>>> print(open('start_29.cif').read())   # mmCIF, C-alpha atoms
data_my_file
#
loop_
_atom_site.label_atom_id
_atom_site.label_comp_id
_atom_site.auth_asym_id
_atom_site.auth_seq_id
_atom_site.Cartn_x
_atom_site.Cartn_y
_atom_site.Cartn_z
CA MET A 1128 36.01 9.06 58.91
CA ALA A 1129 39.01 7.95 61.05
CA PHE A 1130 42.18 10.00 60.90
CA ASP A 1131 44.43 8.51 58.21
CA VAL A 1132 47.90 8.67 59.73
CA ALA A 1133 49.39 6.56 56.91
CA ARG A 1134 48.27 9.13 54.33
CA VAL A 1135 49.77 11.97 56.40
CA ARG A 1136 53.08 10.15 56.80
CA GLY A 1137 53.27 9.67 53.05
CA LEU A 1138 53.26 13.45 52.61
CA ILE A 1139 56.39 13.97 54.76
CA PRO A 1140 59.57 12.64 53.09
CA SER A 1141 61.81 13.04 56.15
CA LEU A 1142 59.90 10.29 57.95
CA GLY A 1143 61.75 7.84 55.73
CA ASP A 1144 65.02 8.46 57.57
CA GLY A 1145 64.54 5.51 59.92
CA TRP A 1146 64.16 7.65 63.04
CA VAL A 1147 61.27 7.76 65.49
CA HIS A 1148 60.42 11.47 65.80
CA LEU A 1149 58.89 12.17 69.20
CA ASP A 1150 60.35 15.67 69.46
CA PRO A 1151 57.74 18.03 67.93
CA GLN A 1152 58.75 20.67 70.51
CA ALA A 1153 61.95 21.04 68.51
CA GLY A 1154 59.89 21.43 65.33
CA MET A 1155 57.60 18.98 63.59
CA GLN A 1156 58.78 17.29 60.42
CA ILE A 1157 58.18 19.38 57.30
CA PRO A 1158 55.71 18.24 54.62
CA ASP A 1159 56.98 17.98 51.07
CA ALA A 1160 54.46 20.59 49.90
CA VAL A 1161 56.01 23.16 52.25
CA SER A 1162 59.54 22.46 51.05
CA ARG A 1163 58.50 22.73 47.40
CA THR A 1164 56.65 25.99 48.01
CA VAL A 1165 59.66 27.55 49.71
CA SER A 1166 61.98 26.43 46.92
CA THR A 1167 59.67 27.79 44.22
CA ALA A 1168 59.21 31.11 46.02
CA PHE A 1169 62.96 31.59 46.41
CA ARG A 1170 63.27 31.41 42.64
CA ALA A 1171 60.29 33.62 41.83
CA SER A 1172 59.92 36.38 44.46
CA ALA A 1173 61.91 39.58 44.89
CA SER A 1174 63.62 40.78 48.07
CA SER A 1175 61.21 43.70 48.31
CA ALA A 1176 57.43 43.98 48.15
CA GLY A 1177 57.41 47.68 47.38
CA GLY A 1178 58.37 47.73 43.71
CA ARG A 1179 56.21 47.78 40.58
CA HIS A 1180 57.80 44.86 38.78
CA VAL A 1181 56.15 41.44 38.67
CA SER A 1182 58.38 39.64 41.19
CA SER A 1183 57.94 42.44 43.72
CA ARG A 1184 54.16 42.29 43.35
CA ARG A 1185 54.43 38.55 43.82
CA SER A 1186 56.29 39.13 47.09
CA ALA A 1187 53.55 41.50 48.26
CA ALA A 1188 50.95 38.85 47.47
CA ILE A 1189 52.92 36.30 49.52
CA VAL A 1190 52.84 38.59 52.56
CA ALA A 1191 49.10 39.21 52.18
CA ALA A 1192 48.43 35.47 51.82
CA ALA A 1193 50.51 34.69 54.91
CA ARG A 1194 48.54 37.21 56.99
CA GLU A 1195 45.27 35.64 55.82
CA ALA A 1196 46.47 32.11 56.57
CA VAL A 1197 47.60 32.95 60.12
CA ALA A 1198 44.34 34.80 60.71
CA ASP A 1199 42.44 31.67 59.65
CA LEU A 1200 44.55 29.57 62.02
CA VAL A 1201 43.53 31.59 65.10
CA GLY A 1202 40.20 33.07 63.98
CA GLY A 1203 41.58 36.59 63.75
CA ASP A 1204 41.68 39.50 61.34
CA PRO A 1205 44.46 39.54 58.70
CA ALA A 1206 44.95 43.25 59.46
CA GLY A 1207 46.08 42.26 62.96
CA VAL A 1208 48.73 39.72 61.87
CA VAL A 1209 52.36 40.70 62.46
CA LEU A 1210 54.95 38.51 60.71
CA GLY A 1211 58.56 37.98 61.68
CA ALA A 1212 61.55 35.69 61.87
CA ASP A 1213 60.52 33.96 65.08
CA ARG A 1214 57.79 34.23 67.71
CA ALA A 1215 60.43 34.80 70.42
CA VAL A 1216 61.83 37.77 68.50
CA LEU A 1217 58.34 39.16 67.95
CA LEU A 1218 57.48 38.82 71.64
CA ALA A 1219 60.68 40.69 72.50
CA TRP A 1220 59.71 43.55 70.18
CA LEU A 1221 56.20 43.52 71.59
CA ALA A 1222 57.59 43.89 75.11
CA GLU A 1223 59.64 46.87 73.96
CA SER A 1224 56.59 48.46 72.38
CA LEU A 1225 54.45 47.96 75.49
CA SER A 1226 57.18 48.94 77.95
CA SER A 1227 55.65 52.40 78.39
CA ARG A 1228 52.71 50.68 80.14
CA LEU A 1229 54.98 49.09 82.75
CA GLY A 1230 56.47 51.83 84.91
CA LEU A 1231 56.80 52.31 88.67
CA GLY A 1232 53.56 51.56 90.46
CA THR A 1233 52.31 49.17 87.80
CA GLY A 1234 52.49 45.40 87.64
CA LEU A 1235 52.44 42.40 85.35
CA VAL A 1236 51.63 38.72 85.85
CA LEU A 1237 53.82 35.92 84.48
CA SER A 1238 53.42 32.15 84.64
CA ARG A 1239 55.80 29.39 85.71
CA LEU A 1240 54.17 27.27 83.01
CA ASP A 1241 55.43 29.50 80.20
CA GLU A 1242 58.52 29.06 78.08
CA GLU A 1243 61.23 31.69 78.34
CA ALA A 1244 60.11 33.40 75.12
CA ASN A 1245 57.03 34.72 76.95
CA VAL A 1246 58.86 35.43 80.20
CA ALA A 1247 62.33 36.89 79.61
CA PRO A 1248 61.23 39.95 77.53
CA TRP A 1249 58.70 40.98 80.20
CA LEU A 1250 61.21 40.51 83.02
CA ARG A 1251 63.70 42.75 81.21
CA VAL A 1252 61.11 45.49 80.75
CA ALA A 1253 59.89 45.19 84.34
CA SER A 1254 63.44 45.41 85.67
CA ARG A 1255 64.19 48.43 83.52
CA TYR A 1256 61.10 50.43 84.47
CA GLY A 1257 60.36 49.16 87.97
CA ALA A 1258 57.10 47.27 87.37
CA GLN A 1259 56.14 44.68 89.99
CA VAL A 1260 56.14 41.05 88.79
CA ARG A 1261 53.71 38.51 90.22
CA TRP A 1262 53.90 34.80 89.38
CA ALA A 1263 51.15 32.29 88.67
CA GLU A 1264 52.39 29.01 90.14
CA VAL A 1265 51.74 25.42 89.10
CA GLU A 1266 50.41 22.62 91.27
CA ILE A 1267 53.37 20.33 91.88
CA GLU A 1268 51.41 17.08 91.63
CA THR A 1269 49.37 17.79 88.50
CA CYS A 1270 51.29 20.67 86.85
CA GLU A 1271 47.99 22.52 86.49
CA LEU A 1272 47.91 26.29 86.69
CA PRO A 1273 44.95 26.94 89.04
CA SER A 1274 42.71 29.69 87.71
CA TRP A 1275 41.71 30.87 91.20
CA GLN A 1276 45.13 32.57 91.34
CA PHE A 1277 44.21 35.11 88.69
CA ALA A 1278 41.76 36.95 90.97
CA GLU A 1279 44.51 37.42 93.55
CA LEU A 1280 47.39 38.12 91.19
CA VAL A 1281 45.69 40.74 89.04
CA GLN A 1282 45.55 44.02 90.96
CA PRO A 1283 44.02 47.38 89.94
CA THR A 1284 47.51 48.49 88.85
CA THR A 1285 48.23 45.37 86.74
CA ARG A 1286 48.79 46.33 83.13
CA LEU A 1287 49.65 43.05 81.45
CA MET A 1288 49.53 39.27 81.83
CA ALA A 1289 51.60 36.83 79.76
CA LEU A 1290 50.29 33.27 79.65
CA THR A 1291 50.76 30.08 77.64
CA ALA A 1292 47.80 28.44 75.91
CA ALA A 1293 49.40 25.04 76.63
CA SER A 1294 52.76 23.99 78.00
CA PRO A 1295 55.03 22.36 75.40
CA ILE A 1296 56.84 20.69 78.32
CA VAL A 1297 54.13 19.06 80.44
CA GLY A 1298 51.07 19.63 78.23
CA SER A 1299 48.93 21.49 80.78
CA ALA A 1300 46.43 23.93 79.26
CA PRO A 1301 45.41 26.73 81.67
CA ALA A 1302 42.06 28.52 81.69
CA VAL A 1303 43.04 31.37 79.37
CA ARG A 1304 39.56 32.85 79.21
CA VAL A 1305 39.39 33.20 82.99
CA ALA A 1306 42.70 35.05 82.93
CA ALA A 1307 41.49 37.25 80.07
CA ASP A 1308 38.31 38.26 81.84
CA ARG A 1309 40.21 39.16 85.01
CA ILE A 1310 42.93 41.23 83.33
CA HIS A 1311 40.35 43.06 81.22
CA GLU A 1312 38.44 44.05 84.36
CA VAL A 1313 41.37 46.32 85.29
CA GLY A 1314 42.04 47.53 81.75
CA GLY A 1315 45.09 45.35 81.16
CA LEU A 1316 46.23 43.26 78.19
CA LEU A 1317 46.67 39.50 77.86
CA VAL A 1318 49.49 38.12 75.68
CA VAL A 1319 49.10 34.40 74.95
CA ASP A 1320 51.90 32.18 73.66
CA ALA A 1321 50.20 29.46 71.61
CA VAL A 1322 53.32 27.61 70.45
CA GLY A 1323 52.39 24.61 72.58
CA ALA A 1324 48.74 24.58 71.52
CA ALA A 1325 49.01 24.60 67.73
CA PRO A 1326 48.18 22.28 66.01
CA TYR A 1327 46.65 20.35 68.89
CA ALA A 1328 43.79 22.79 69.52
CA HIS A 1329 41.42 24.71 67.28
CA LEU A 1330 42.45 28.21 68.34
CA ASP A 1331 39.97 31.08 68.48
CA ILE A 1332 41.40 34.41 69.62
CA ASN A 1333 37.94 35.78 70.42
CA ASP A 1334 36.90 32.79 72.51
CA LEU A 1335 40.19 32.90 74.38
CA GLY A 1336 39.87 36.63 74.97
CA ALA A 1337 43.56 37.13 74.23
CA ASP A 1338 44.63 40.59 73.10
CA VAL A 1339 47.69 39.16 71.33
CA ILE A 1340 48.45 35.55 70.36
CA ALA A 1341 51.94 34.39 69.39
CA VAL A 1342 52.43 31.37 67.12
CA SER A 1343 55.45 29.68 65.59
CA ALA A 1344 55.26 27.80 62.30
CA PRO A 1345 57.81 25.06 63.17
CA SER A 1346 55.41 23.85 65.87
CA TRP A 1347 53.11 22.51 63.13
CA GLY A 1348 55.67 21.66 60.46
CA GLY A 1349 56.15 25.08 58.90
CA PRO A 1350 59.32 27.05 58.17
CA GLN A 1351 61.23 29.11 60.72
CA VAL A 1352 58.87 32.09 60.96
CA GLY A 1353 56.51 33.37 63.63
CA ALA A 1354 53.53 35.66 63.98
CA LEU A 1355 51.68 37.81 66.47
CA VAL A 1356 47.94 38.22 66.03
CA PHE A 1357 46.22 41.28 67.55
CA ARG A 1358 42.55 40.65 68.32
CA ASP A 1359 41.87 44.36 67.76
CA PRO A 1360 43.98 45.51 64.78
CA THR A 1361 43.47 49.17 65.73
CA LEU A 1362 45.65 48.57 68.81
CA LEU A 1363 48.62 48.40 66.45
CA ASP A 1364 48.23 52.10 65.68
CA ARG A 1365 47.81 53.03 69.36
CA ILE A 1366 51.04 51.55 70.71
CA PRO A 1367 54.60 52.75 70.01
CA ALA A 1368 56.02 51.44 66.75
CA VAL A 1369 59.26 49.46 66.56
CA SER A 1370 59.50 49.48 62.76
CA LEU A 1371 62.42 51.22 61.04
CA ASN A 1372 59.92 52.66 58.58
CA PRO A 1373 58.57 55.97 59.94
CA TYR A 1374 55.58 55.69 57.59
CA ALA A 1375 54.57 52.16 58.66
CA ARG A 1376 50.93 51.59 59.53
CA GLY A 1377 49.02 48.73 61.10
CA ALA A 1378 50.86 45.42 61.41
CA GLU A 1379 53.95 46.85 59.71
CA ARG A 1380 54.54 49.04 62.79
CA MET A 1381 55.59 45.88 64.68
CA GLU A 1382 57.76 44.42 61.90
CA VAL A 1383 61.48 45.18 62.06
CA GLY A 1384 63.53 44.66 58.91
CA GLY A 1385 62.53 42.85 55.73
CA HIS A 1386 60.53 39.68 55.25
CA GLN A 1387 61.76 36.25 54.18
CA PHE A 1388 59.19 35.95 51.39
CA ALA A 1389 59.96 32.36 50.48
CA LEU A 1390 59.52 31.27 54.09
CA LEU A 1391 56.25 33.19 54.32
CA ALA A 1392 55.04 31.31 51.25
CA GLY A 1393 55.90 28.10 53.09
CA LEU A 1394 54.00 29.38 56.12
CA THR A 1395 50.81 29.63 54.08
CA THR A 1396 51.31 26.16 52.63
CA SER A 1397 51.94 24.69 56.09
CA ILE A 1398 48.60 26.04 57.33
CA ASP A 1399 46.92 24.68 54.19
CA PHE A 1400 48.54 21.34 55.04
CA LEU A 1401 47.01 21.48 58.53
CA ALA A 1402 43.62 22.23 56.99
CA GLY A 1403 43.99 19.12 54.82
CA LEU A 1404 44.96 16.65 57.55
CA GLU A 1405 41.42 15.30 57.33
CA GLU A 1406 40.95 14.35 53.69
CA THR A 1407 37.17 14.79 53.87
CA ALA A 1408 37.30 18.35 55.23
CA THR A 1409 35.37 20.91 53.15
CA GLY A 1410 34.43 24.59 53.25
CA SER A 1411 36.61 27.60 53.92
CA ARG A 1412 40.16 27.14 55.19
CA ARG A 1413 39.00 28.08 58.68
CA GLN A 1414 36.28 25.41 58.51
CA ARG A 1415 38.70 22.82 57.13
CA LEU A 1416 41.13 23.63 59.94
CA GLU A 1417 38.43 22.98 62.51
CA THR A 1418 37.46 19.66 60.91
CA SER A 1419 41.06 18.50 60.51
CA ILE A 1420 42.21 19.47 64.00
CA CYS A 1421 39.13 17.88 65.59
CA SER A 1422 39.89 14.67 63.67
CA LEU A 1423 43.52 14.84 64.79
CA GLN A 1424 42.42 15.40 68.40
CA ALA A 1425 40.28 12.26 68.33
CA TYR A 1426 43.26 10.27 67.03
CA HIS A 1427 45.63 11.80 69.57
CA ASP A 1428 43.27 11.20 72.50
CA GLN A 1429 43.51 7.45 71.98
CA LEU A 1430 47.21 7.50 71.15
CA PHE A 1431 48.14 9.66 74.13
CA ASP A 1432 46.17 7.41 76.48
CA TYR A 1433 48.18 4.50 75.08
CA LEU A 1434 51.43 6.43 75.64
CA LEU A 1435 50.51 7.17 79.27
CA ARG A 1436 49.51 3.57 79.99
CA SER A 1437 52.70 2.30 78.36
CA LEU A 1438 54.93 4.60 80.42
CA ASP A 1439 53.02 3.86 83.62
CA ALA A 1440 53.80 0.18 83.08
CA LEU A 1441 57.53 0.95 83.46
CA PRO A 1442 58.34 1.13 87.20
CA GLN A 1443 61.49 3.19 86.64
CA VAL A 1444 59.64 5.92 84.69
CA THR A 1445 57.79 8.79 86.36
CA VAL A 1446 55.54 11.02 84.28
CA ILE A 1447 55.55 14.65 85.43
CA GLY A 1448 52.10 16.13 85.93
CA ARG A 1449 48.61 14.78 85.27
CA SER A 1450 46.58 17.79 84.22
CA PRO A 1451 43.15 16.69 82.97
CA ILE A 1452 43.06 19.55 80.45
CA ARG A 1453 46.10 19.27 78.24
CA VAL A 1454 47.68 18.77 74.84
CA PRO A 1455 49.40 15.45 73.94
CA THR A 1456 52.81 16.36 75.32
CA LEU A 1457 54.51 15.11 78.48
CA SER A 1458 57.81 14.95 80.32
CA PHE A 1459 59.18 12.07 82.35
CA THR A 1460 62.18 11.01 84.37
CA VAL A 1461 63.95 7.66 84.64
CA ALA A 1462 65.00 6.71 88.17
CA GLY A 1463 68.72 7.00 88.68
CA VAL A 1464 69.49 8.08 85.12
CA PRO A 1465 70.07 11.76 84.16
CA ALA A 1466 67.92 13.02 81.31
CA ASP A 1467 70.90 13.64 79.02
CA LYS A 1468 71.93 9.99 79.31
CA VAL A 1469 68.39 8.84 78.65
CA ALA A 1470 68.21 11.06 75.55
CA ALA A 1471 71.59 9.78 74.36
CA HIS A 1472 70.48 6.16 74.82
CA LEU A 1473 67.29 6.81 72.87
CA ALA A 1474 69.19 8.66 70.14
CA ASP A 1475 71.60 5.73 69.83
CA ASN A 1476 68.49 3.72 68.99
CA ARG A 1477 67.25 6.35 66.51
CA ILE A 1478 64.57 7.87 68.74
CA ALA A 1479 64.50 11.67 68.85
CA THR A 1480 63.35 13.37 72.07
CA VAL A 1481 63.97 16.71 73.79
CA SER A 1482 66.13 17.16 76.89
CA GLY A 1483 68.73 19.45 78.41
CA PRO A 1484 68.80 22.61 80.55
CA GLN A 1485 67.06 24.62 77.82
CA ASN A 1486 64.12 22.22 78.02
CA GLY A 1487 61.57 23.93 80.27
CA GLY A 1488 64.26 25.18 82.64
CA ARG A 1489 62.11 27.60 84.66
CA LEU A 1490 59.19 25.18 85.08
CA LEU A 1491 61.36 22.16 85.82
CA ASP A 1492 63.41 24.24 88.26
CA ALA A 1493 60.21 25.17 90.11
CA LEU A 1494 59.22 21.49 90.27
CA GLY A 1495 62.69 20.47 91.49
CA VAL A 1496 63.14 18.18 88.48
CA ASN A 1497 66.37 19.76 87.26
CA ASP A 1498 67.95 19.14 90.68
CA GLU A 1499 67.49 15.43 90.00
CA GLY A 1500 68.99 15.34 86.51
CA GLY A 1501 66.27 16.89 84.34
CA ALA A 1502 63.52 15.36 82.26
CA ILE A 1503 62.79 13.96 78.82
CA THR A 1504 59.99 15.58 76.84
CA VAL A 1505 58.06 13.76 74.14
CA GLY A 1506 54.98 14.73 72.18
CA LEU A 1507 52.65 13.42 69.55
CA ALA A 1508 52.52 14.75 66.00
CA PRO A 1509 50.07 14.18 63.13
CA TYR A 1510 52.39 11.40 61.96
CA THR A 1511 52.95 9.56 65.28
CA THR A 1512 51.92 5.89 65.46
CA ARG A 1513 51.65 3.15 68.11
CA TYR A 1514 54.71 1.52 66.61
CA GLU A 1515 56.80 4.56 67.51
CA ILE A 1516 55.48 4.59 71.07
CA ASN A 1517 56.31 0.90 71.34
CA GLN A 1518 59.87 1.63 70.24
CA LEU A 1519 60.18 4.30 72.93
CA VAL A 1520 58.90 1.94 75.62
CA LYS A 1521 61.11 -0.90 74.41
CA HIS A 1522 64.30 1.12 74.74
CA LEU A 1523 63.27 2.75 78.02
CA SER A 1524 62.75 -0.76 79.39
CA ALA A 1525 66.39 -1.48 78.70
CA LEU A 1526 67.33 1.22 81.21
CA GLY A 1527 65.46 -0.49 84.03
#
>>> encode(input="start_29.cif", output="structure tokens")
Amino acid sequence: MAFDVARVRGLIPSLGDGWVHLDPQAGMQIPDAVSRTVSTAFRASASSAGGRHVSSRRSAAIVAAAREAVADLVGGDPAGVVLGADRAVLLAWLAESLSSRLGLGTGLVLSRLDEEANVAPWLRVASRYGAQVRWAEVEIETCELPSWQFAELVQPTTRLMALTAASPIVGSAPAVRVAADRIHEVGGLLVVDAVGAAPYAHLDINDLGADVIAVSAPSWGGPQVGALVFRDPTLLDRIPAVSLNPYARGAERMEVGGHQFALLAGLTTSIDFLAGLEETATGSRRQRLETSICSLQAYHDQLFDYLLRSLDALPQVTVIGRSPIRVPTLSFTVAGVPADKVAAHLADNRIATVSGPQNGGRLLDALGVNDEGGAITVGLAPYTTRYEINQLVKHLSALG
């Protein structure tokens, strides 16, 4: 059955605001079911999950359900799911916890393709303890991250590699499994930031070989919460804790402060929403996620090809990168017009995109794009249509 984009759009009230939303990197639009779940949970749950009263037990059940939902999303174990306010915050705490592995004489590998959330915490730790940093570079023409680099970058003293599953700026998806196999040969850990990959790919932490995967609910239309998933939950009890609770065990050892229970309830609903993108999907939530995301991928493959062909038809527009393995996200420049002005022009015509120095700064710096005025980033969502792409192209044409 073909992906029913009209049905999906009908489940997201904010799409009635008259805007064309091509900015999923800033957070996809939130389904009505998620908003209602959060509202209901705010009225019914307690601020603590440790009490004996009914609302407290309800809060504890919300946390357990959120761990199970995230585990289903990435094919992990609920016992290995760490929940927090934001994936960037969680990655920062993870870097602090693993800092004892990164002293003088050790090394770590970072990627120019990654967002700052999976770069800055590791640079701080490396600077503090004297670990050597090596960089995986992108091919300028395609924005691919060649996997042959991993054999050279990972040395016997390398203790950790941080790598994106897919760039939310140029869409390139590196060979994570190749990186995992190489870092594991020397006894190191691989931390994968999957914010750019969900919901475009059916994630499987075991197939990827990642030791830790970071996800962020806004990237698929969920509330402002994030999660880390440990492939081996026992690792949580073998690394230094950051929790303020001296008795914390398992995932709680990586959770600082209290939970936002209502938002965690919305997190579960948002993953259920993903699992129901394909109306005919059946089976367990994990199985329904696979069916729905595969259906969405088929829809996006055609739509993204149309987007590329439409942009290529505009002589003043240059698309950055042409990686053959990618998610449906891209960045482009308009000849002679700074990105901020392009974004303002599009916004004046009710088209939302992403631009500015915070938009892929490290990657776009490496490509020299920021020296020429920056880039505009757009991406597809489960609710994107050809009409919206046509509106983008129409108003870009006016800049020619």
>>> resolve_selection(input="start_29.cif", expression="the PyMOL selection byres ((chain A and resi 1328) around 10)", output="JSON, numbers by chain")
{"A": [1201, 1292, 1293, 1321, 1323, 1324, 1325, 1326, 1327, 1329, 1330, 1331, 1416, 1417, 1420, 1421, 1423, 1424, 1453, 1454]}
>>> write_last_selection(input="start_29.cif", atoms="C-alpha atoms", output="PDB file, in the frame of the given file")
ATOM      1  CA  VAL A1201      43.530  31.590  65.100  1.00  0.00           C
ATOM      2  CA  ALA A1292      47.800  28.440  75.910  1.00  0.00           C
ATOM      3  CA  ALA A1293      49.400  25.040  76.630  1.00  0.00           C
ATOM      4  CA  ALA A1321      50.200  29.460  71.610  1.00  0.00           C
ATOM      5  CA  GLY A1323      52.390  24.610  72.580  1.00  0.00           C
ATOM      6  CA  ALA A1324      48.740  24.580  71.520  1.00  0.00           C
ATOM      7  CA  ALA A1325      49.010  24.600  67.730  1.00  0.00           C
ATOM      8  CA  PRO A1326      48.180  22.280  66.010  1.00  0.00           C
ATOM      9  CA  TYR A1327      46.650  20.350  68.890  1.00  0.00           C
ATOM     10  CA  HIS A1329      41.420  24.710  67.280  1.00  0.00           C
ATOM     11  CA  LEU A1330      42.450  28.210  68.340  1.00  0.00           C
ATOM     12  CA  ASP A1331      39.970  31.080  68.480  1.00  0.00           C
ATOM     13  CA  LEU A1416      41.130  23.630  59.940  1.00  0.00           C
ATOM     14  CA  GLU A1417      38.430  22.980  62.510  1.00  0.00           C
ATOM     15  CA  ILE A1420      42.210  19.470  64.000  1.00  0.00           C
ATOM     16  CA  CYS A1421      39.130  17.880  65.590  1.00  0.00           C
ATOM     17  CA  LEU A1423      43.520  14.840  64.790  1.00  0.00           C
ATOM     18  CA  GLN A1424      42.420  15.400  68.400  1.00  0.00           C
ATOM     19  CA  ARG A1453      46.100  19.270  78.240  1.00  0.00           C
ATOM     20  CA  VAL A1454      47.680  18.770  74.840  1.00  0.00           C
TER      21      VAL A1454
END
>>> resolve_selection(input="start_29.cif", expression="the PyMOL selection byres ((chain A and resi 1347-1349) around 9)", output="compact mmCIF listing (two decimals) with C-alpha atoms, in the frame of the given file")
# COMPACT_ATOMS: atom_id res chain seq x y z
CA PRO A 1151 57.74 18.03 67.93
CA GLY A 1154 59.89 21.43 65.33
CA MET A 1155 57.60 18.98 63.59
CA GLN A 1156 58.78 17.29 60.42
CA ILE A 1157 58.18 19.38 57.30
CA PRO A 1158 55.71 18.24 54.62
CA VAL A 1161 56.01 23.16 52.25
CA SER A 1162 59.54 22.46 51.05
CA VAL A 1322 53.32 27.61 70.45
CA ALA A 1325 49.01 24.60 67.73
CA PRO A 1326 48.18 22.28 66.01
CA TYR A 1327 46.65 20.35 68.89
CA SER A 1343 55.45 29.68 65.59
CA ALA A 1344 55.26 27.80 62.30
CA PRO A 1345 57.81 25.06 63.17
CA SER A 1346 55.41 23.85 65.87
CA PRO A 1350 59.32 27.05 58.17
CA GLN A 1351 61.23 29.11 60.72
CA VAL A 1352 58.87 32.09 60.96
CA LEU A 1390 59.52 31.27 54.09
CA GLY A 1393 55.90 28.10 53.09
CA LEU A 1394 54.00 29.38 56.12
CA THR A 1395 50.81 29.63 54.08
CA THR A 1396 51.31 26.16 52.63
CA SER A 1397 51.94 24.69 56.09
CA ILE A 1398 48.60 26.04 57.33
CA PHE A 1400 48.54 21.34 55.04
CA LEU A 1401 47.01 21.48 58.53
CA ALA A 1508 52.52 14.75 66.00
CA PRO A 1509 50.07 14.18 63.13
>>> residues_around(input="start_29.cif", residues="Trp1275 in chain A", least_positions_apart="2", cutoff="10 Å", atoms="all atoms listed in the file", output="JSON, numbers by chain")
{"A": [1263, 1272, 1273, 1277, 1278, 1279, 1280, 1302, 1305, 1306]}
>>> write_last_selection(input="start_29.cif", atoms="C-alpha atoms", output="PDB file, in the coordinates of the input")
ATOM      1  CA  ALA A1263      51.150  32.290  88.670  1.00  0.00           C
ATOM      2  CA  LEU A1272      47.910  26.290  86.690  1.00  0.00           C
ATOM      3  CA  PRO A1273      44.950  26.940  89.040  1.00  0.00           C
ATOM      4  CA  PHE A1277      44.210  35.110  88.690  1.00  0.00           C
ATOM      5  CA  ALA A1278      41.760  36.950  90.970  1.00  0.00           C
ATOM      6  CA  GLU A1279      44.510  37.420  93.550  1.00  0.00           C
ATOM      7  CA  LEU A1280      47.390  38.120  91.190  1.00  0.00           C
ATOM      8  CA  ALA A1302      42.060  28.520  81.690  1.00  0.00           C
ATOM      9  CA  VAL A1305      39.390  33.200  82.990  1.00  0.00           C
ATOM     10  CA  ALA A1306      42.700  35.050  82.930  1.00  0.00           C
TER      11      ALA A1306
END
>>> residues_around(input="start_29.cif", residues="Leu1494 in chain A", least_positions_apart="5", cutoff="10 Å", atoms="all atoms listed in the file", output="list in words")
Arg1239, Val1265, Glu1266, Ile1267, Glu1268, Cys1270, Ile1447, Gly1448, Gly1488 and Arg1489 of chain A
>>> closest_atom_pairs(input="start_29.cif", of="range 1390-1451 of chain A", to="range 1497-1507 of chain A", cutoff="9 Å", atoms="all atoms listed in the file", output="JSON lines")
{"residue": "A:His1427", "atom": "CA", "partner": "A:Leu1507", "partner_atom": "CA", "distance": 7.2}
{"residue": "A:Leu1430", "atom": "CA", "partner": "A:Leu1507", "partner_atom": "CA", "distance": 8.2}
{"residue": "A:Phe1431", "atom": "CA", "partner": "A:Leu1507", "partner_atom": "CA", "distance": 7.4}
{"residue": "A:Ile1447", "atom": "CA", "partner": "A:Ala1502", "partner_atom": "CA", "distance": 8.6}
>>> build_atoms(input="start_29.cif", residues="range 1454-1462 of chain A", atoms="N, CA, C and O atoms", output="PDB file, in the frame of the given file")
ATOM      1  N   VAL A1454      47.365  19.184  76.200  1.00  0.00           N
ATOM      2  CA  VAL A1454      47.680  18.770  74.840  1.00  0.00           C
ATOM      3  C   VAL A1454      48.538  17.509  74.947  1.00  0.00           C
ATOM      4  O   VAL A1454      49.076  17.204  76.022  1.00  0.00           O
ATOM      5  N   PRO A1455      48.692  16.728  73.860  1.00  0.00           N
ATOM      6  CA  PRO A1455      49.400  15.450  73.940  1.00  0.00           C
ATOM      7  C   PRO A1455      50.921  15.579  73.989  1.00  0.00           C
ATOM      8  O   PRO A1455      51.649  15.149  73.088  1.00  0.00           O
ATOM      9  N   THR A1456      51.392  16.178  75.062  1.00  0.00           N
ATOM     10  CA  THR A1456      52.810  16.360  75.320  1.00  0.00           C
ATOM     11  C   THR A1456      53.064  16.019  76.780  1.00  0.00           C
ATOM     12  O   THR A1456      52.228  16.327  77.638  1.00  0.00           O
ATOM     13  N   LEU A1457      54.185  15.399  77.090  1.00  0.00           N
ATOM     14  CA  LEU A1457      54.510  15.110  78.480  1.00  0.00           C
ATOM     15  C   LEU A1457      56.016  15.057  78.676  1.00  0.00           C
ATOM     16  O   LEU A1457      56.783  14.940  77.713  1.00  0.00           O
ATOM     17  N   SER A1458      56.407  15.145  79.937  1.00  0.00           N
ATOM     18  CA  SER A1458      57.810  14.950  80.320  1.00  0.00           C
ATOM     19  C   SER A1458      57.882  13.846  81.345  1.00  0.00           C
ATOM     20  O   SER A1458      56.927  13.610  82.097  1.00  0.00           O
ATOM     21  N   PHE A1459      59.014  13.154  81.386  1.00  0.00           N
ATOM     22  CA  PHE A1459      59.180  12.070  82.350  1.00  0.00           C
ATOM     23  C   PHE A1459      60.638  11.969  82.777  1.00  0.00           C
ATOM     24  O   PHE A1459      61.547  12.511  82.126  1.00  0.00           O
ATOM     25  N   THR A1460      60.837  11.288  83.885  1.00  0.00           N
ATOM     26  CA  THR A1460      62.180  11.010  84.370  1.00  0.00           C
ATOM     27  C   THR A1460      62.358   9.498  84.468  1.00  0.00           C
ATOM     28  O   THR A1460      61.384   8.739  84.562  1.00  0.00           O
ATOM     29  N   VAL A1461      63.608   9.072  84.452  1.00  0.00           N
ATOM     30  CA  VAL A1461      63.950   7.660  84.640  1.00  0.00           C
ATOM     31  C   VAL A1461      64.795   7.571  85.906  1.00  0.00           C
ATOM     32  O   VAL A1461      65.830   8.242  86.016  1.00  0.00           O
ATOM     33  N   ALA A1462      64.344   6.794  86.858  1.00  0.00           N
ATOM     34  CA  ALA A1462      65.000   6.710  88.170  1.00  0.00           C
ATOM     35  C   ALA A1462      66.477   6.388  88.040  1.00  0.00           C
ATOM     36  O   ALA A1462      66.865   5.397  87.403  1.00  0.00           O
TER      37      ALA A1462
END
